[in-house]
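Engineer: I am sharing final_30.cif, which consists of mmCIF, C-alpha atoms and all ligand atoms:
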data_entry
loop_
_atom_site.label_atom_id
_atom_site.label_comp_id
_atom_site.auth_asym_id
_atom_site.auth_seq_id
_atom_site.Cartn_x
_atom_site.Cartn_y
_atom_site.Cartn_z
CA MET A 1407 -8.30 22.26 -24.42
CA LYS A 1408 -5.75 22.21 -27.25
CA THR A 1409 -2.13 21.06 -27.05
CA ARG A 1410 0.74 21.13 -29.55
CA ALA A 1411 2.21 17.70 -29.98
CA ALA A 1412 4.51 15.68 -32.21
CA VAL A 1413 2.31 12.82 -33.42
CA ALA A 1414 3.47 9.46 -34.72
CA PHE A 1415 0.69 8.85 -37.28
CA GLU A 1416 2.44 5.82 -38.79
CA ALA A 1417 5.48 3.65 -38.14
CA LYS A 1418 8.68 4.64 -39.94
CA LYS A 1419 7.35 8.13 -40.84
CA PRO A 1420 8.61 11.40 -39.33
CA LEU A 1421 6.57 12.83 -36.46
CA GLU A 1422 4.09 15.57 -37.41
CA ILE A 1423 3.58 18.66 -35.26
CA VAL A 1424 -0.15 19.33 -34.91
CA GLU A 1425 -2.68 20.74 -32.44
CA LEU A 1426 -4.53 17.98 -30.62
CA ASP A 1427 -7.69 18.10 -28.56
CA LEU A 1428 -6.96 17.14 -24.96
CA GLU A 1429 -9.69 16.28 -22.45
CA GLY A 1430 -9.13 17.45 -18.86
CA PRO A 1431 -8.18 15.15 -15.96
CA LYS A 1432 -10.78 12.70 -14.67
CA GLU A 1433 -10.86 10.97 -11.24
CA GLY A 1434 -7.31 10.34 -9.99
CA GLU A 1435 -5.72 12.10 -12.99
CA VAL A 1436 -3.54 15.18 -13.37
CA LEU A 1437 -2.99 17.72 -16.16
CA VAL A 1438 0.73 18.48 -16.58
CA GLU A 1439 2.40 21.14 -18.72
CA ILE A 1440 5.52 19.44 -20.10
CA MET A 1441 8.43 21.89 -20.08
CA ALA A 1442 11.09 19.60 -21.57
CA THR A 1443 11.47 16.04 -22.85
CA GLY A 1444 14.40 13.86 -23.80
CA ILE A 1445 14.39 11.54 -26.82
CA CYS A 1446 15.30 7.98 -25.78
CA HIS A 1447 16.24 5.15 -28.11
CA THR A 1448 13.03 3.39 -27.05
CA ASP A 1449 11.00 6.17 -28.73
CA ALA A 1450 12.93 5.51 -31.96
CA TYR A 1451 12.41 1.76 -31.58
CA THR A 1452 8.65 2.21 -31.31
CA LEU A 1453 8.54 4.73 -34.16
CA ASP A 1454 10.51 2.27 -36.31
CA GLY A 1455 7.76 -0.33 -35.81
CA LEU A 1456 9.94 -2.67 -33.71
CA ASP A 1457 7.80 -2.59 -30.54
CA SER A 1458 5.23 -5.36 -30.21
CA GLU A 1459 3.11 -2.90 -28.19
CA GLY A 1460 3.51 0.00 -30.65
CA ILE A 1461 0.19 1.68 -31.49
CA PHE A 1462 -0.48 4.42 -34.07
CA PRO A 1463 -1.45 7.23 -34.15
CA SER A 1464 0.14 8.02 -30.82
CA VAL A 1465 2.16 10.66 -29.03
CA LEU A 1466 5.53 9.13 -28.12
CA GLY A 1467 7.96 10.42 -25.46
CA HIS A 1468 8.50 9.14 -21.93
CA GLU A 1469 11.38 11.26 -20.56
CA GLY A 1470 9.75 14.50 -19.47
CA ALA A 1471 9.54 17.08 -16.72
CA GLY A 1472 6.85 19.68 -16.14
CA ILE A 1473 4.40 21.51 -13.92
CA VAL A 1474 1.02 20.39 -12.56
CA ARG A 1475 -1.67 22.69 -13.98
CA GLU A 1476 -4.88 20.99 -12.79
CA VAL A 1477 -5.83 17.98 -10.68
CA GLY A 1478 -8.89 15.78 -11.13
CA PRO A 1479 -11.27 14.65 -8.37
CA GLY A 1480 -9.70 12.54 -5.62
CA VAL A 1481 -6.09 13.58 -6.28
CA LYS A 1482 -4.43 14.03 -2.89
CA SER A 1483 -0.66 14.00 -3.30
CA LEU A 1484 -0.29 16.75 -5.93
CA LYS A 1485 -1.54 20.30 -6.48
CA PRO A 1486 -1.20 22.97 -9.19
CA ASP A 1487 2.35 24.40 -9.54
CA ASP A 1488 4.04 21.24 -8.24
CA HIS A 1489 7.00 20.20 -10.38
CA VAL A 1490 6.83 16.61 -11.60
CA ILE A 1491 8.45 13.88 -13.67
CA PRO A 1492 6.01 11.47 -15.42
CA LEU A 1493 6.68 7.79 -14.71
CA TYR A 1494 6.32 5.02 -17.27
CA THR A 1495 6.74 2.69 -14.32
CA PRO A 1496 4.17 4.04 -11.85
CA GLU A 1497 4.17 3.38 -8.12
CA CYS A 1498 0.68 2.83 -6.67
CA ARG A 1499 1.98 1.46 -3.34
CA GLU A 1500 -1.09 -0.80 -3.18
CA CYS A 1501 -0.78 -3.57 -5.82
CA LYS A 1502 0.76 -6.99 -5.20
CA SER A 1503 4.00 -5.95 -6.90
CA CYS A 1504 4.37 -2.68 -4.99
CA LEU A 1505 3.56 -4.37 -1.67
CA SER A 1506 6.01 -7.22 -2.35
CA GLY A 1507 8.97 -4.89 -1.89
CA LYS A 1508 10.71 -7.12 -4.47
CA THR A 1509 10.16 -5.13 -7.67
CA ASN A 1510 9.49 -1.68 -9.10
CA LEU A 1511 7.15 -3.14 -11.73
CA CYS A 1512 3.83 -1.78 -10.41
CA THR A 1513 1.05 -3.69 -12.12
CA SER A 1514 -1.98 -1.56 -11.19
CA ILE A 1515 -2.39 0.14 -14.61
CA ARG A 1516 0.01 -1.86 -16.81
CA SER A 1517 -2.65 -3.46 -19.05
CA THR A 1518 -4.37 -0.21 -20.12
CA GLN A 1519 -0.97 1.52 -20.38
CA GLY A 1520 0.14 -1.13 -22.88
CA GLN A 1521 -2.98 -0.42 -24.95
CA GLY A 1522 -2.22 3.30 -25.11
CA LEU A 1523 -5.13 4.13 -22.83
CA MET A 1524 -5.78 5.74 -19.45
CA PRO A 1525 -6.82 3.40 -16.60
CA ASP A 1526 -10.54 3.88 -17.41
CA GLY A 1527 -9.90 2.41 -20.88
CA THR A 1528 -10.18 5.67 -22.87
CA SER A 1529 -7.73 8.16 -24.38
CA ARG A 1530 -7.68 11.86 -23.49
CA MET A 1531 -6.20 12.83 -26.88
CA SER A 1532 -7.81 13.17 -30.30
CA TYR A 1533 -7.15 14.76 -33.69
CA LYS A 1534 -9.99 15.83 -35.96
CA GLY A 1535 -12.32 13.66 -33.91
CA GLU A 1536 -10.16 10.49 -34.16
CA THR A 1537 -8.47 8.86 -31.16
CA VAL A 1538 -4.76 9.48 -30.65
CA TYR A 1539 -3.16 6.98 -28.24
CA HIS A 1540 -1.01 7.55 -25.16
CA TYR A 1541 2.49 6.01 -25.04
CA MET A 1542 4.09 4.30 -22.04
CA GLY A 1543 1.56 6.19 -19.91
CA CYS A 1544 3.43 9.45 -20.59
CA SER A 1545 3.35 10.94 -24.15
CA THR A 1546 5.83 13.68 -23.29
CA PHE A 1547 6.12 14.82 -26.92
CA SER A 1548 2.97 16.82 -26.13
CA ASN A 1549 3.07 20.23 -24.42
CA PHE A 1550 0.20 19.19 -22.12
CA ILE A 1551 -0.55 15.63 -20.99
CA VAL A 1552 -3.02 13.91 -18.70
CA VAL A 1553 -1.56 11.17 -16.50
CA PRO A 1554 -2.64 9.21 -13.43
CA GLU A 1555 -1.51 10.63 -10.08
CA ILE A 1556 0.40 7.39 -9.34
CA ALA A 1557 2.53 7.99 -12.45
CA LEU A 1558 3.99 11.30 -11.29
CA ALA A 1559 7.03 11.86 -9.09
CA LYS A 1560 6.99 15.22 -7.29
CA ILE A 1561 10.41 16.88 -7.50
CA ARG A 1562 12.06 19.97 -6.01
CA THR A 1563 11.23 23.24 -7.77
CA ASP A 1564 14.83 24.43 -8.27
CA ALA A 1565 15.79 21.54 -10.58
CA PRO A 1566 16.01 22.76 -14.21
CA PHE A 1567 13.45 21.04 -16.43
CA ASP A 1568 15.80 20.70 -19.41
CA LYS A 1569 18.13 18.49 -17.32
CA ALA A 1570 15.68 16.88 -14.86
CA CYS A 1571 13.67 15.40 -17.75
CA TYR A 1572 16.56 12.95 -18.43
CA ILE A 1573 15.93 11.45 -14.96
CA GLY A 1574 12.53 10.36 -16.35
CA CYS A 1575 14.34 7.51 -18.14
CA GLY A 1576 18.04 7.50 -19.13
CA VAL A 1577 19.74 8.62 -15.94
CA THR A 1578 17.58 6.55 -13.60
CA THR A 1579 17.77 3.48 -15.85
CA GLY A 1580 21.57 3.54 -16.14
CA VAL A 1581 22.47 4.53 -12.59
CA GLY A 1582 19.66 2.40 -11.09
CA ALA A 1583 20.74 -0.70 -13.05
CA VAL A 1584 24.05 -0.46 -11.18
CA THR A 1585 22.77 0.49 -7.72
CA ASN A 1586 19.39 -1.29 -7.54
CA THR A 1587 19.44 -4.21 -9.97
CA ALA A 1588 23.03 -5.48 -10.17
CA GLN A 1589 24.06 -3.92 -6.85
CA VAL A 1590 27.63 -3.48 -8.03
CA THR A 1591 30.08 -3.57 -5.15
CA VAL A 1592 33.19 -1.46 -4.49
CA GLY A 1593 36.28 -2.67 -6.37
CA SER A 1594 34.35 -4.68 -8.99
CA ASN A 1595 35.27 -5.01 -12.67
CA VAL A 1596 32.42 -3.84 -14.89
CA VAL A 1597 31.86 -4.19 -18.65
CA VAL A 1598 29.31 -1.92 -20.35
CA PHE A 1599 28.17 -2.65 -23.93
CA GLY A 1600 26.78 0.39 -25.78
CA LEU A 1601 27.89 3.85 -24.68
CA GLY A 1602 24.81 5.88 -25.54
CA GLY A 1603 22.37 7.77 -23.35
CA ILE A 1604 21.94 4.72 -21.10
CA GLY A 1605 25.42 3.18 -21.16
CA LEU A 1606 27.12 6.40 -20.07
CA ASN A 1607 24.81 6.49 -17.07
CA VAL A 1608 25.77 2.90 -16.23
CA ILE A 1609 29.39 4.07 -16.37
CA GLN A 1610 28.76 6.99 -14.05
CA GLY A 1611 26.78 4.68 -11.74
CA ALA A 1612 29.75 2.28 -11.64
CA ARG A 1613 32.06 5.17 -10.81
CA LEU A 1614 29.65 6.34 -8.09
CA VAL A 1615 29.74 2.96 -6.30
CA GLY A 1616 33.53 2.68 -6.56
CA ALA A 1617 34.04 0.09 -9.29
CA ASP A 1618 37.65 -0.67 -10.22
CA LYS A 1619 37.97 -1.40 -13.97
CA ILE A 1620 35.10 0.09 -15.99
CA ILE A 1621 35.36 -1.23 -19.55
CA GLY A 1622 33.22 0.35 -22.26
CA VAL A 1623 32.45 -1.54 -25.49
CA ASP A 1624 31.09 0.28 -28.54
CA ILE A 1625 31.35 -0.01 -32.32
CA ASN A 1626 31.61 3.79 -32.57
CA ASP A 1627 35.11 5.06 -31.72
CA ASP A 1628 33.73 8.52 -30.87
CA LYS A 1629 32.30 6.97 -27.72
CA LYS A 1630 35.78 6.45 -26.22
CA GLU A 1631 36.10 10.07 -25.18
CA TRP A 1632 32.52 10.09 -23.92
CA GLY A 1633 33.04 7.03 -21.73
CA GLU A 1634 36.26 8.43 -20.26
CA ARG A 1635 34.43 11.65 -19.39
CA PHE A 1636 32.22 9.68 -16.95
CA GLY A 1637 34.68 7.21 -15.46
CA MET A 1638 35.42 4.52 -18.07
CA THR A 1639 38.94 3.15 -17.62
CA HIS A 1640 39.27 1.03 -20.81
CA PHE A 1641 37.60 1.19 -24.24
CA VAL A 1642 37.11 -1.70 -26.66
CA ASN A 1643 35.79 -1.44 -30.21
CA PRO A 1644 34.72 -5.02 -31.11
CA LYS A 1645 35.30 -4.29 -34.80
CA LYS A 1646 38.98 -3.73 -34.06
CA VAL A 1647 39.54 -6.77 -31.84
CA ASP A 1648 41.58 -9.47 -33.47
CA GLY A 1649 39.66 -12.64 -32.60
CA ASP A 1650 36.84 -13.26 -30.19
CA ILE A 1651 35.47 -10.25 -28.27
CA VAL A 1652 34.39 -12.40 -25.31
CA ALA A 1653 37.86 -13.96 -24.92
CA HIS A 1654 39.39 -10.48 -25.19
CA LEU A 1655 37.17 -9.12 -22.39
CA VAL A 1656 37.77 -12.17 -20.18
CA GLU A 1657 41.50 -11.58 -20.51
CA LEU A 1658 41.17 -7.86 -19.84
CA THR A 1659 39.25 -8.57 -16.62
CA ASP A 1660 41.55 -11.36 -15.43
CA GLY A 1661 38.96 -14.15 -15.73
CA GLY A 1662 35.75 -12.27 -16.51
CA ALA A 1663 33.62 -9.32 -15.46
CA ASP A 1664 32.04 -9.23 -12.03
CA TYR A 1665 29.19 -7.30 -13.61
CA SER A 1666 28.24 -6.60 -17.24
CA PHE A 1667 25.44 -4.56 -18.81
CA ASP A 1668 23.86 -4.65 -22.25
CA CYS A 1669 22.81 -1.14 -23.33
CA THR A 1670 22.46 -1.91 -27.06
CA GLY A 1671 19.24 -3.94 -27.45
CA ASN A 1672 21.16 -6.34 -29.75
CA THR A 1673 20.55 -9.98 -28.75
CA GLU A 1674 23.99 -11.12 -29.99
CA VAL A 1675 25.56 -8.48 -27.74
CA MET A 1676 23.41 -9.65 -24.81
CA ARG A 1677 24.96 -13.11 -25.22
CA GLN A 1678 28.48 -11.65 -25.30
CA ALA A 1679 27.66 -9.63 -22.17
CA LEU A 1680 26.66 -12.79 -20.30
CA GLU A 1681 29.55 -14.88 -21.54
CA CYS A 1682 32.23 -12.30 -20.68
CA CYS A 1683 31.19 -12.61 -17.01
CA HIS A 1684 33.36 -14.39 -14.46
CA ARG A 1685 32.75 -18.11 -13.94
CA GLY A 1686 31.06 -18.74 -10.59
CA TRP A 1687 29.65 -15.27 -9.89
CA GLY A 1688 29.49 -12.81 -12.81
CA VAL A 1689 26.14 -11.04 -13.15
CA SER A 1690 24.94 -9.70 -16.51
CA THR A 1691 22.06 -7.22 -16.65
CA VAL A 1692 20.01 -6.71 -19.81
CA ILE A 1693 18.91 -3.10 -20.19
CA GLY A 1694 18.60 -2.86 -23.99
CA VAL A 1695 15.18 -3.43 -25.53
CA ALA A 1696 15.28 -5.94 -28.38
CA GLU A 1697 13.04 -5.72 -31.40
CA SER A 1698 9.84 -7.73 -31.53
CA GLY A 1699 10.46 -11.42 -32.25
CA LYS A 1700 14.12 -11.51 -31.17
CA GLU A 1701 15.24 -14.04 -28.56
CA ILE A 1702 18.39 -14.51 -26.48
CA SER A 1703 20.37 -17.71 -26.27
CA THR A 1704 23.44 -19.15 -24.58
CA ARG A 1705 24.71 -22.58 -23.59
CA PRO A 1706 22.98 -23.58 -20.31
CA PHE A 1707 26.50 -24.44 -19.14
CA GLN A 1708 27.12 -20.70 -18.84
CA LEU A 1709 24.46 -20.58 -16.11
CA VAL A 1710 25.37 -23.94 -14.60
CA THR A 1711 28.81 -22.53 -14.03
CA GLY A 1712 27.48 -19.64 -12.04
CA ARG A 1713 26.90 -16.73 -14.38
CA VAL A 1714 23.61 -14.94 -13.70
CA TRP A 1715 21.35 -13.28 -16.28
CA LYS A 1716 19.21 -10.40 -15.02
CA GLY A 1717 17.11 -7.66 -16.57
CA THR A 1718 15.98 -4.24 -15.46
CA ALA A 1719 13.22 -1.77 -16.30
CA PHE A 1720 13.71 1.86 -15.26
CA GLY A 1721 16.79 0.77 -13.34
CA GLY A 1722 14.68 -1.00 -10.75
CA ALA A 1723 13.66 2.42 -9.41
CA LYS A 1724 10.39 2.95 -7.56
CA GLY A 1725 9.46 6.18 -9.28
CA ARG A 1726 7.64 8.28 -6.69
CA THR A 1727 10.09 7.26 -3.96
CA ASP A 1728 13.43 7.17 -5.80
CA VAL A 1729 13.16 9.81 -8.56
CA PRO A 1730 13.11 12.80 -6.14
CA LYS A 1731 16.28 11.36 -4.54
CA ILE A 1732 18.02 11.06 -7.92
CA VAL A 1733 17.09 14.69 -8.62
CA ASP A 1734 18.83 15.53 -5.30
CA TRP A 1735 21.91 13.52 -6.39
CA TYR A 1736 22.06 15.65 -9.52
CA MET A 1737 21.48 18.95 -7.70
CA ASN A 1738 24.15 18.03 -5.10
CA GLY A 1739 26.71 17.12 -7.77
CA LYS A 1740 26.81 13.36 -7.05
CA ILE A 1741 25.89 12.57 -10.65
CA GLU A 1742 26.34 14.54 -13.87
CA ILE A 1743 23.71 15.28 -16.49
CA ASP A 1744 24.57 18.52 -18.26
CA PRO A 1745 27.39 17.28 -20.54
CA MET A 1746 25.28 14.35 -21.77
CA ILE A 1747 22.66 16.73 -23.17
CA THR A 1748 24.33 17.34 -26.48
CA HIS A 1749 21.44 18.96 -28.35
CA VAL A 1750 18.55 21.22 -27.33
CA LEU A 1751 15.74 21.43 -29.87
CA THR A 1752 12.33 23.04 -30.34
CA LEU A 1753 9.28 20.80 -30.84
CA ASP A 1754 9.36 21.69 -34.55
CA GLU A 1755 12.88 20.28 -34.74
CA ILE A 1756 12.09 16.98 -32.98
CA ASN A 1757 12.74 14.76 -36.03
CA LYS A 1758 16.29 16.11 -36.11
CA GLY A 1759 16.74 14.52 -32.65
CA PHE A 1760 15.92 11.09 -34.11
CA ASP A 1761 18.30 11.66 -37.05
CA LEU A 1762 21.15 12.64 -34.68
CA MET A 1763 20.55 9.50 -32.60
CA HIS A 1764 20.57 7.20 -35.63
CA ALA A 1765 23.77 8.85 -36.90
CA GLY A 1766 25.46 8.29 -33.50
CA LYS A 1767 26.02 12.05 -33.20
CA SER A 1768 24.10 12.76 -29.99
CA ILE A 1769 24.03 11.39 -26.48
CA ARG A 1770 20.74 13.01 -25.53
CA SER A 1771 18.64 15.47 -27.49
CA VAL A 1772 16.19 17.40 -25.35
CA VAL A 1773 13.15 19.22 -26.70
CA VAL A 1774 12.26 22.36 -24.77
CA PHE A 1775 8.66 23.60 -25.14
N1 LIG A 1801 15.31 -1.35 -19.73
C1 LIG A 1801 14.98 -0.07 -19.67
O1 LIG A 1801 14.31 0.38 -18.75
C2 LIG A 1801 15.49 0.87 -20.74
C3 LIG A 1801 15.43 2.25 -20.53
C4 LIG A 1801 15.93 3.09 -21.51
C5 LIG A 1801 16.45 2.57 -22.69
N2 LIG A 1801 16.48 1.24 -22.87
C6 LIG A 1801 17.08 0.65 -24.08
O2 LIG A 1801 18.49 0.75 -23.92
C7 LIG A 1801 19.12 0.75 -25.20
C8 LIG A 1801 20.07 1.93 -25.30
O3 LIG A 1801 19.35 3.15 -25.32
P1 LIG A 1801 20.14 4.54 -25.57
O4 LIG A 1801 19.13 5.62 -25.43
O5 LIG A 1801 21.36 4.55 -24.75
O6 LIG A 1801 20.53 4.36 -27.11
P2 LIG A 1801 21.71 5.09 -27.92
O7 LIG A 1801 21.34 5.00 -29.35
O8 LIG A 1801 21.97 6.42 -27.33
O9 LIG A 1801 23.01 4.19 -27.64
C9 LIG A 1801 23.22 2.89 -28.14
C10 LIG A 1801 24.74 2.68 -28.22
O10 LIG A 1801 24.99 1.30 -28.53
C11 LIG A 1801 26.04 1.24 -29.48
N3 LIG A 1801 25.96 -0.03 -30.20
C12 LIG A 1801 25.06 -0.38 -31.16
N4 LIG A 1801 25.32 -1.65 -31.57
C13 LIG A 1801 26.38 -2.09 -30.87
C14 LIG A 1801 27.12 -3.32 -30.85
N5 LIG A 1801 26.80 -4.33 -31.67
N6 LIG A 1801 28.13 -3.42 -29.98
C15 LIG A 1801 28.48 -2.39 -29.16
N7 LIG A 1801 27.83 -1.21 -29.16
C16 LIG A 1801 26.80 -1.06 -29.99
C17 LIG A 1801 25.83 2.47 -30.35
O11 LIG A 1801 27.00 2.84 -31.06
C18 LIG A 1801 25.42 3.51 -29.30
O12 LIG A 1801 26.56 4.17 -28.76
C19 LIG A 1801 17.97 0.77 -26.22
O13 LIG A 1801 17.72 -0.57 -26.62
C20 LIG A 1801 16.80 1.31 -25.41
O14 LIG A 1801 15.57 0.95 -25.97
C21 LIG A 1801 16.00 0.38 -21.93
N1 LIG A 1802 6.85 -2.78 -25.13
C1 LIG A 1802 7.97 -3.66 -25.40
C2 LIG A 1802 9.03 -3.61 -24.35
C3 LIG A 1802 9.58 -2.22 -24.12
C4 LIG A 1802 10.29 -2.21 -22.81
O1 LIG A 1802 10.89 -3.21 -22.38
N2 LIG A 1802 10.25 -1.09 -22.12
C5 LIG A 1802 10.96 -0.91 -20.86
C6 LIG A 1802 11.27 0.53 -20.72
S1 LIG A 1802 12.28 1.14 -22.02
C7 LIG A 1802 12.43 2.76 -21.61
O2 LIG A 1802 13.21 3.38 -22.49
C8 LIG A 1802 10.10 -1.28 -19.66
O3 LIG A 1802 9.94 -0.56 -18.70
N3 LIG A 1802 9.55 -2.44 -19.68
C9 LIG A 1802 8.70 -2.91 -18.64
C10 LIG A 1802 7.24 -2.74 -18.99
O4 LIG A 1802 6.99 -2.26 -20.12
O5 LIG A 1802 6.41 -3.08 -18.18
C11 LIG A 1802 7.53 -5.07 -25.69
O6 LIG A 1802 6.33 -5.30 -25.72
O7 LIG A 1802 8.42 -5.92 -25.91
ZN ZN A 1803 13.69 5.45 -22.29
ZN ZN A 1804 1.61 -0.82 -7.71
#
Can I see the file as structure tokens?

Structural biologist:
Amino acid sequence: MKTRAAVAFEAKKPLEIVELDLEGPKEGEVLVEIMATGICHTDAYTLDGLDSEGIFPSVLGHEGAGIVREVGPGVKSLKPDDHVIPLYTPECRECKSCLSGKTNLCTSIRSTQGQGLMPDGTSRMSYKGETVYHYMGCSTFSNFIVVPEIALAKIRTDAPFDKACYIGCGVTTGVGAVTNTAQVTVGSNVVVFGLGGIGLNVIQGARLVGADKIIGVDINDDKKEWGERFGMTHFVNPKKVDGDIVAHLVELTDGGADYSFDCTGNTEVMRQALECCHRGWGVSTVIGVAESGKEISTRPFQLVTGRVWKGTAFGGAKGRTDVPKIVDWYMNGKIEIDPMITHVLTLDEINKGFDLMHAGKSIRSVVVF
């Protein structure tokens, strides 16, 4: 069959909207019609050539929602017309990682996923006879996609696609980093660096679990109002702090943050996020994805004196189990999504979504097919 898709033919070039050839689902695979997809900073990072796993030509996008149109042989848990969210962190429930109960990082198809291929080692997409690669096992910038059954969360049918798609990455990552990874406790002081599509979800996660001070840090003053909208109690623009930002945050939290989060992907900021934590117990969680080749550093003394450095992928969420619950949280009004979706675009307008993100003018742009 054919599918319209925004293709990344080369790094650092705008996406091109073309008709691709798409092969149908094979054993254990599912054909999904994508109804809506968000644009996450990670898509921009890969398009900008900063991802060590970036492959071109490929169809980016990993924050989608859609409808099952066809299932391949052996698929048991899904049927046509089911509503689904594709998962870049699948959940096979059989691999060592899934069975450990200690992580959401299912390893069953990770190696082929990282090569832009389906688990059988081939791609379902091509253009003029040439292979086009999958991305993060999702490729939601295509109207139709083929994905493994274990990489789809079945969700309720009354959830609107143009909002539910954001649960495919940003919402789950931010809220899950608080609830699953850091396990922020009631009354804690929290510092969040980077108030974009992820950071604002960390803020609303911190509010959800009853944090006390929620301090947002961003170099863009426009983010003050955004943070306050979701529960931030204090805003700090590091460019306007007289002196050291870490010392300023330690003072503001009366000795240091109980929990901090990096949502920028900047390795200098990751260091600040660790070092603003409270001596003896502060936990800093890295969410931001740093460009290829970058490394983090700190004095080991920071760890010796009890600060803990953690990281999280997809907010520690086990996709098929947790994503339907997060959709319920949204539908029941426990968490907000609607105000964060600042721009709704057509597929033809998708490059505008990247421009808005780079200009700091959007929280989330969503493409509706
Ligand atoms: N670990 C995961 O599973 C996961 C999931 C989604 C996104 N991410 C990553 O999280 C990061 C944030 O994604 P997003 O979609 O929210 O991006 P975004 O562009 O919407 O937001 C980034 C924010 O950081 C701010 N910022 C930039 N440099 C800063 C600095 N030096 N100090 C303070 N603030 C600064 C920007 O002004 C902006 O508000 C990216 O690196 C993305 O790749 C990781
Ligand atoms: N491919 C990169 C790393 C990119 C990365 O860390 N991705 C996150 C999700 S970001 C979503 O917006 C993730 O889930 N990582 C775990 C995994 O990919 O298995 C690189 O090679 O450095
Ligand atoms: Zn993402
Ligand atoms: Zn698994």

Engineer: Between A:Lys1758, A:Lys1418, A:Lys1408, A:His1468, which one has atoms that come closest to Lys1534 in chain A, using all atoms listed in the file?

Structural biologist: A:Lys1408

Engineer: Show me which residues sit within 10 Å of ligand LIG 1802 (chain A) when counting only C-alpha atoms and all ligand atoms, and put them as a PDB file with C-alpha atoms, in the frame of the given file.

Structural biologist:
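The file below, pocket_39.pdb, is the result:
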ATOM      1  CA  ILE A1445      14.390  11.540 -26.820  1.00  0.00           C
ATOM      2  CA  CYS A1446      15.300   7.980 -25.780  1.00  0.00           C
ATOM      3  CA  HIS A1447      16.240   5.150 -28.110  1.00  0.00           C
ATOM      4  CA  THR A1448      13.030   3.390 -27.050  1.00  0.00           C
ATOM      5  CA  ASP A1449      11.000   6.170 -28.730  1.00  0.00           C
ATOM      6  CA  ALA A1450      12.930   5.510 -31.960  1.00  0.00           C
ATOM      7  CA  TYR A1451      12.410   1.760 -31.580  1.00  0.00           C
ATOM      8  CA  THR A1452       8.650   2.210 -31.310  1.00  0.00           C
ATOM      9  CA  LEU A1456       9.940  -2.670 -33.710  1.00  0.00           C
ATOM     10  CA  ASP A1457       7.800  -2.590 -30.540  1.00  0.00           C
ATOM     11  CA  SER A1458       5.230  -5.360 -30.210  1.00  0.00           C
ATOM     12  CA  GLU A1459       3.110  -2.900 -28.190  1.00  0.00           C
ATOM     13  CA  GLY A1460       3.510   0.000 -30.650  1.00  0.00           C
ATOM     14  CA  GLY A1467       7.960  10.420 -25.460  1.00  0.00           C
ATOM     15  CA  HIS A1468       8.500   9.140 -21.930  1.00  0.00           C
ATOM     16  CA  GLU A1469      11.380  11.260 -20.560  1.00  0.00           C
ATOM     17  CA  LEU A1493       6.680   7.790 -14.710  1.00  0.00           C
ATOM     18  CA  TYR A1494       6.320   5.020 -17.270  1.00  0.00           C
ATOM     19  CA  THR A1495       6.740   2.690 -14.320  1.00  0.00           C
ATOM     20  CA  PRO A1496       4.170   4.040 -11.850  1.00  0.00           C
ATOM     21  CA  ASN A1510       9.490  -1.680  -9.100  1.00  0.00           C
ATOM     22  CA  LEU A1511       7.150  -3.140 -11.730  1.00  0.00           C
ATOM     23  CA  CYS A1512       3.830  -1.780 -10.410  1.00  0.00           C
ATOM     24  CA  THR A1513       1.050  -3.690 -12.120  1.00  0.00           C
ATOM     25  CA  ARG A1516       0.010  -1.860 -16.810  1.00  0.00           C
ATOM     26  CA  SER A1517      -2.650  -3.460 -19.050  1.00  0.00           C
ATOM     27  CA  GLN A1519      -0.970   1.520 -20.380  1.00  0.00           C
ATOM     28  CA  GLY A1520       0.140  -1.130 -22.880  1.00  0.00           C
ATOM     29  CA  TYR A1541       2.490   6.010 -25.040  1.00  0.00           C
ATOM     30  CA  MET A1542       4.090   4.300 -22.040  1.00  0.00           C
ATOM     31  CA  GLY A1574      12.530  10.360 -16.350  1.00  0.00           C
ATOM     32  CA  CYS A1575      14.340   7.510 -18.140  1.00  0.00           C
ATOM     33  CA  GLY A1576      18.040   7.500 -19.130  1.00  0.00           C
ATOM     34  CA  THR A1579      17.770   3.480 -15.850  1.00  0.00           C
ATOM     35  CA  ILE A1604      21.940   4.720 -21.100  1.00  0.00           C
ATOM     36  CA  GLY A1671      19.240  -3.940 -27.450  1.00  0.00           C
ATOM     37  CA  ILE A1693      18.910  -3.100 -20.190  1.00  0.00           C
ATOM     38  CA  GLY A1694      18.600  -2.860 -23.990  1.00  0.00           C
ATOM     39  CA  VAL A1695      15.180  -3.430 -25.530  1.00  0.00           C
ATOM     40  CA  ALA A1696      15.280  -5.940 -28.380  1.00  0.00           C
ATOM     41  CA  GLU A1697      13.040  -5.720 -31.400  1.00  0.00           C
ATOM     42  CA  SER A1698       9.840  -7.730 -31.530  1.00  0.00           C
ATOM     43  CA  GLY A1699      10.460 -11.420 -32.250  1.00  0.00           C
ATOM     44  CA  LYS A1700      14.120 -11.510 -31.170  1.00  0.00           C
ATOM     45  CA  GLY A1717      17.110  -7.660 -16.570  1.00  0.00           C
ATOM     46  CA  THR A1718      15.980  -4.240 -15.460  1.00  0.00           C
ATOM     47  CA  ALA A1719      13.220  -1.770 -16.300  1.00  0.00           C
ATOM     48  CA  PHE A1720      13.710   1.860 -15.260  1.00  0.00           C
ATOM     49  CA  GLY A1721      16.790   0.770 -13.340  1.00  0.00           C
ATOM     50  CA  GLY A1722      14.680  -1.000 -10.750  1.00  0.00           C
TER      51      GLY A1722
END

Engineer: Between A:Lys1740, A:Arg1499, A:Lys1432, A:Lys1508, single out the one closest to ligand ZN 1804 (chain A), counting only C-alpha atoms and all ligand atoms.

Structural biologist: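 Residue with the minimum atom-to-atom distance to ligand ZN 1804 (chain A): A:Arg1499.
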